[in-house]
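Enquirer: Below is the structure I would like to discuss, written out as structure tokens.
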Amino acid sequence: MVPDIFIPFRPEDRQDRPGYFFILSGPSGVGKNTLLSIVLQGMSGVYYMPSATTRSMRAGESQLNPYVFMSTNEFEQMIEHGQFLEWKKIHTNDYYGTHLPSIQFAIEKGFDIITDMDVLGCEDAVVAFSDHICTIFITPPSMDELSQRLHGRDSDVKSIQTRLDRVELEMKHQDQYDFVLVNDDLEESARRLRKIIEEVRSSKEFKGKRQMMR
Ligand code: 5GP
């Protein structure tokens with residue numbers, strides 16, 4: 001059963017401006033989810049927005065952490081009903097998508113959310129919600145490091161290779177992002193990410209790179 005809105009927002013977190021929609025991109029294995037969980041622990045009022053996916057759960061993952069895991073049939077029904085802001089088939093044949101009603105609700109009602117998306121999904125989101133988006137690209141310190149991280153969390157060689165094959169596509173888009181952050185030291189990167197989010201949240205209107213280029 002898929003919820004109407006993916007996040008249980010608390011009224012006290014509502015801002016007196018539209019909500020900001022923070023998007024984190026970067027190659028698979030770069031540490032986006034680890035960074036996010038550190039940053040969100042020490043910060044109130046910013047909600048992690050889980051994407052929906054049909055990929056199977058890894059060890060240590062659970063429903064909503066970090067995805068809403070669903071069957072291909074459920075996902076395709078949601079596509080049919082226009083429930084996704086964007087969706088992509090990434091890596092093998094797995095669907096990943098961003099739940100449109102949750103994003104619309106958050107922005108309209110003044111709740112700040114952050115999510116993880118590939119570079120192509122991010123392009124779609126920027127077109128749809130340009131005035132409310134802040135985009136942040138996370139890069140690995142080196143390709144060797146990225147490869148080691150992917151090997152450390154997955155034993156399936158094919159799945160690792162599919163993720164490595166996509167790195168070039170992801171890296172090519174980094175100049176389009178409002179901020180680029182190298183994840184060389186987890187604590188330091190989390191500190192910098194938190195600072196970016198806090199600065200944007202304290203502004204009534206964020207003039208990101210896209211707005212300046214218009
Ligand atoms: P995984 O978690 O399977 O290693 O990586 C999945 C990839 O899908 C990551 O690059 C992540 O950024 C991306 N991703 C996660 N959620 C979404 C989403 O809702 N939409 C799109 N387009 N990409 C997503």
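All residue names refer to the structure tokens as shown: chains lettered A, B, ... in order, residues numbered from 1 in each chain, ligands numbered from 1 in order.
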With only C-alpha atoms counted and 10 Å as the cut-off, give the residues of stretch 21-110 of chain A in contact with stretch 196-201 of chain A, each with its shortest interatomic distance in Å and the pair that gives it, as JSON lines.

Expert:
```
{"residue": "A:Phe22", "atom": "CA", "partner": "A:Ile197", "partner_atom": "CA", "distance": 8.0}
{"residue": "A:Val39", "atom": "CA", "partner": "A:Ile197", "partner_atom": "CA", "distance": 9.4}
{"residue": "A:Met43", "atom": "CA", "partner": "A:Glu198", "partner_atom": "CA", "distance": 8.9}
{"residue": "A:Val46", "atom": "CA", "partner": "A:Ile197", "partner_atom": "CA", "distance": 9.1}
```

Enquirer: Going by DSSP on the backbone, which bits of stretch 63-213 of chain A are strand (DSSP E or B)? Write them as number ranges by chain, please.

Expert: A: 65, 67-69, 84-90, 94-99, 112-116, 133-139, 179-182

Enquirer: With ligand 1 as the partner and 7 Å as the cut-off, tabulate the residues of chain A that qualify, each row holding the nearest pair of atoms and their distance in Å to one decimal, using only C-alpha atoms and all ligand atoms, sorted by chain and rising number, as a Markdown table.

Expert:
```
| residue | atom | partner | partner_atom_place_in_ligand_line | distance |
| --- | --- | --- | --- | --- |
| A:Ser25 | CA | ligand 1 | 12 (O) | 5.4 |
| A:Gly26 | CA | ligand 1 | 12 (O) | 6.3 |
| A:Pro27 | CA | ligand 1 | 10 (O) | 5.4 |
| A:Ser28 | CA | ligand 1 | 10 (O) | 4.6 |
| A:Gly29 | CA | ligand 1 | 4 (O) | 6.4 |
| A:Ser51 | CA | ligand 1 | 19 (O) | 4.3 |
| A:Ala52 | CA | ligand 1 | 19 (O) | 6.1 |
| A:Arg55 | CA | ligand 1 | 3 (O) | 6.8 |
| A:Glu86 | CA | ligand 1 | 20 (N) | 6.4 |
| A:Trp87 | CA | ligand 1 | 22 (N) | 5.3 |
| A:Lys88 | CA | ligand 1 | 22 (N) | 4.9 |
| A:Ile90 | CA | ligand 1 | 8 (O) | 6.1 |
| A:Tyr96 | CA | ligand 1 | 18 (C) | 4.5 |
| A:Gly97 | CA | ligand 1 | 19 (O) | 3.5 |
| A:Thr98 | CA | ligand 1 | 19 (O) | 4.0 |
| A:Asp116 | CA | ligand 1 | 12 (O) | 4.9 |
| A:Met117 | CA | ligand 1 | 24 (C) | 3.7 |
| A:Asp118 | CA | ligand 1 | 12 (O) | 4.0 |
| A:Val119 | CA | ligand 1 | 22 (N) | 7.0 |
| A:Leu120 | CA | ligand 1 | 22 (N) | 6.0 |
| A:Gly121 | CA | ligand 1 | 22 (N) | 3.7 |
| A:Cys122 | CA | ligand 1 | 22 (N) | 6.7 |
```

Enquirer: As an exercise, work out the distance from atom CA of A:His91 to atom CA of A:Asp154 in Å and give it to one decimal place.

Expert: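 These two atoms are separated by 14.1 Å.
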
Enquirer: Give me the residues within 7 Å of stretch 184-195 of chain A as a short mmCIF file (atom, residue, chain, number, x, y, z; two decimals) with C-alpha atoms, in the first residue's frame, counting only C-alpha atoms and dropping any in the same chain fewer than 5 places off.

Expert:
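To be explicit, this is the file written out as out02.cif:
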```cif
data_model
loop_
_atom_site.label_atom_id
_atom_site.label_comp_id
_atom_site.auth_asym_id
_atom_site.auth_seq_id
_atom_site.Cartn_x
_atom_site.Cartn_y
_atom_site.Cartn_z
CA LEU A 35 26.36 12.08 4.32
CA ILE A 38 24.83 12.56 9.38
CA VAL A 39 23.60 15.97 8.26
CA PRO A 140 34.44 11.16 -4.89
CA PRO A 141 38.05 12.14 -4.05
#
```

Enquirer: Excluding A:Gly60 and any residue of its chain fewer than 4 positions from it, enumerate the residues within 12 Å of it, using only C-alpha atoms, and give them as a PDB file with N, CA, C and O atoms, in the first residue's frame.

Expert:
```pdb
ATOM      1  N   SER A  56      16.066  -4.451  -5.261  1.00  0.00           N
ATOM      2  CA  SER A  56      15.905  -5.177  -3.999  1.00  0.00           C
ATOM      3  C   SER A  56      16.706  -4.510  -2.883  1.00  0.00           C
ATOM      4  O   SER A  56      17.688  -3.804  -3.138  1.00  0.00           O
ATOM      5  N   LEU A  64      11.525   2.581   3.613  1.00  0.00           N
ATOM      6  CA  LEU A  64      11.748   4.035   3.812  1.00  0.00           C
ATOM      7  C   LEU A  64      13.207   4.389   4.064  1.00  0.00           C
ATOM      8  O   LEU A  64      13.556   5.550   4.178  1.00  0.00           O
ATOM      9  N   ASN A  65      14.048   3.410   4.211  1.00  0.00           N
ATOM     10  CA  ASN A  65      15.457   3.676   4.514  1.00  0.00           C
ATOM     11  C   ASN A  65      16.362   2.953   3.532  1.00  0.00           C
ATOM     12  O   ASN A  65      16.662   1.795   3.750  1.00  0.00           O
ATOM     13  N   PRO A  66      16.844   3.521   2.454  1.00  0.00           N
ATOM     14  CA  PRO A  66      16.579   4.898   2.075  1.00  0.00           C
ATOM     15  C   PRO A  66      15.476   5.039   1.026  1.00  0.00           C
ATOM     16  O   PRO A  66      15.276   6.136   0.543  1.00  0.00           O
ATOM     17  N   ARG A 153      30.585  -2.408  -0.316  1.00  0.00           N
ATOM     18  CA  ARG A 153      29.187  -2.532   0.116  1.00  0.00           C
ATOM     19  C   ARG A 153      28.390  -3.553  -0.695  1.00  0.00           C
ATOM     20  O   ARG A 153      27.231  -3.779  -0.423  1.00  0.00           O
ATOM     21  N   ASP A 154      29.017  -4.141  -1.690  1.00  0.00           N
ATOM     22  CA  ASP A 154      28.283  -5.046  -2.580  1.00  0.00           C
ATOM     23  C   ASP A 154      29.234  -6.159  -3.020  1.00  0.00           C
ATOM     24  O   ASP A 154      30.405  -5.900  -3.297  1.00  0.00           O
TER      25      ASP A 154
END
```

Enquirer: Write out as a ChimeraX atom specification each polymer residue whose atoms come within 9 Å of A:Leu150, counting only C-alpha atoms; drop sequence neighbours fewer than 5 positions from it.

Expert: /A:28-30,145,155,160,163-164

Enquirer: With N, CA and C atoms kept, could you save the residues just selected as a PDB file, in the first residue's frame?

Expert:
```pdb
ATOM      1  N   SER A  28      26.855   6.638  -7.880  1.00  0.00           N
ATOM      2  CA  SER A  28      26.484   5.633  -6.897  1.00  0.00           C
ATOM      3  C   SER A  28      27.733   5.241  -6.109  1.00  0.00           C
ATOM      4  N   GLY A  29      27.622   5.184  -4.793  1.00  0.00           N
ATOM      5  CA  GLY A  29      28.757   4.789  -3.960  1.00  0.00           C
ATOM      6  C   GLY A  29      29.564   5.968  -3.448  1.00  0.00           C
ATOM      7  N   VAL A  30      29.182   7.185  -3.828  1.00  0.00           N
ATOM      8  CA  VAL A  30      29.974   8.347  -3.421  1.00  0.00           C
ATOM      9  C   VAL A  30      29.711   8.710  -1.950  1.00  0.00           C
ATOM     10  N   GLU A 145      39.000   5.442  -5.105  1.00  0.00           N
ATOM     11  CA  GLU A 145      38.249   5.473  -3.847  1.00  0.00           C
ATOM     12  C   GLU A 145      36.799   5.033  -4.075  1.00  0.00           C
ATOM     13  N   SER A 155      28.732  -7.408  -3.063  1.00  0.00           N
ATOM     14  CA  SER A 155      29.647  -8.478  -3.489  1.00  0.00           C
ATOM     15  C   SER A 155      29.343  -8.903  -4.925  1.00  0.00           C
ATOM     16  N   ILE A 160      28.356  -3.981  -9.395  1.00  0.00           N
ATOM     17  CA  ILE A 160      29.395  -2.952  -9.186  1.00  0.00           C
ATOM     18  C   ILE A 160      29.799  -2.350 -10.527  1.00  0.00           C
ATOM     19  N   ARG A 163      27.353   0.095 -11.998  1.00  0.00           N
ATOM     20  CA  ARG A 163      27.416   1.397 -11.338  1.00  0.00           C
ATOM     21  C   ARG A 163      28.655   2.184 -11.780  1.00  0.00           C
ATOM     22  N   LEU A 164      29.763   1.484 -11.954  1.00  0.00           N
ATOM     23  CA  LEU A 164      30.981   2.171 -12.419  1.00  0.00           C
ATOM     24  C   LEU A 164      30.807   2.696 -13.842  1.00  0.00           C
TER      25      LEU A 164
END
```

Enquirer: Hey, which of A:Thr72, A:Thr135, A:Gln161, A:Asn183 ends up closest to A:Leu24? Count only C-alpha atoms.

Expert: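 The answer is A:Thr135, which sits nearest to A:Leu24.
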
Enquirer: So the first atom is atom CA of A:Ser159 and the second is atom CA of A:Met57; what is the distance between them in Å, to one decimal place?

Expert: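 Here the two named atoms are 13.4 Å from each other.
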
Enquirer: One number please: atom CA of A:Pro50 to atom CA of A:Asp144, in Å, one decimal.

Expert: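 So the two atoms, atom CA of A:Pro50 and atom CA of A:Asp144, lie 28.6 Å apart.
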
Enquirer: Compile the contact shell of A:His132 as number ranges by chain: residues with an atom at most 6 Å away, counting only C-alpha atoms, same-chain residues fewer than 3 positions apart removed.

Expert: A: 20-21, 129

Enquirer: Just to be explicit: take each residue in the selection above, keep C-alpha atoms, and write the result as a short mmCIF file (atom, residue, chain, number, x, y, z; two decimals), in the first residue's frame.

Expert:
```
data_model
loop_
_atom_site.label_atom_id
_atom_site.label_comp_id
_atom_site.auth_asym_id
_atom_site.auth_seq_id
_atom_site.Cartn_x
_atom_site.Cartn_y
_atom_site.Cartn_z
CA TYR A 20 13.01 24.33 -0.48
CA PHE A 21 13.66 21.19 -2.45
CA PHE A 129 10.31 23.41 -9.74
#
```
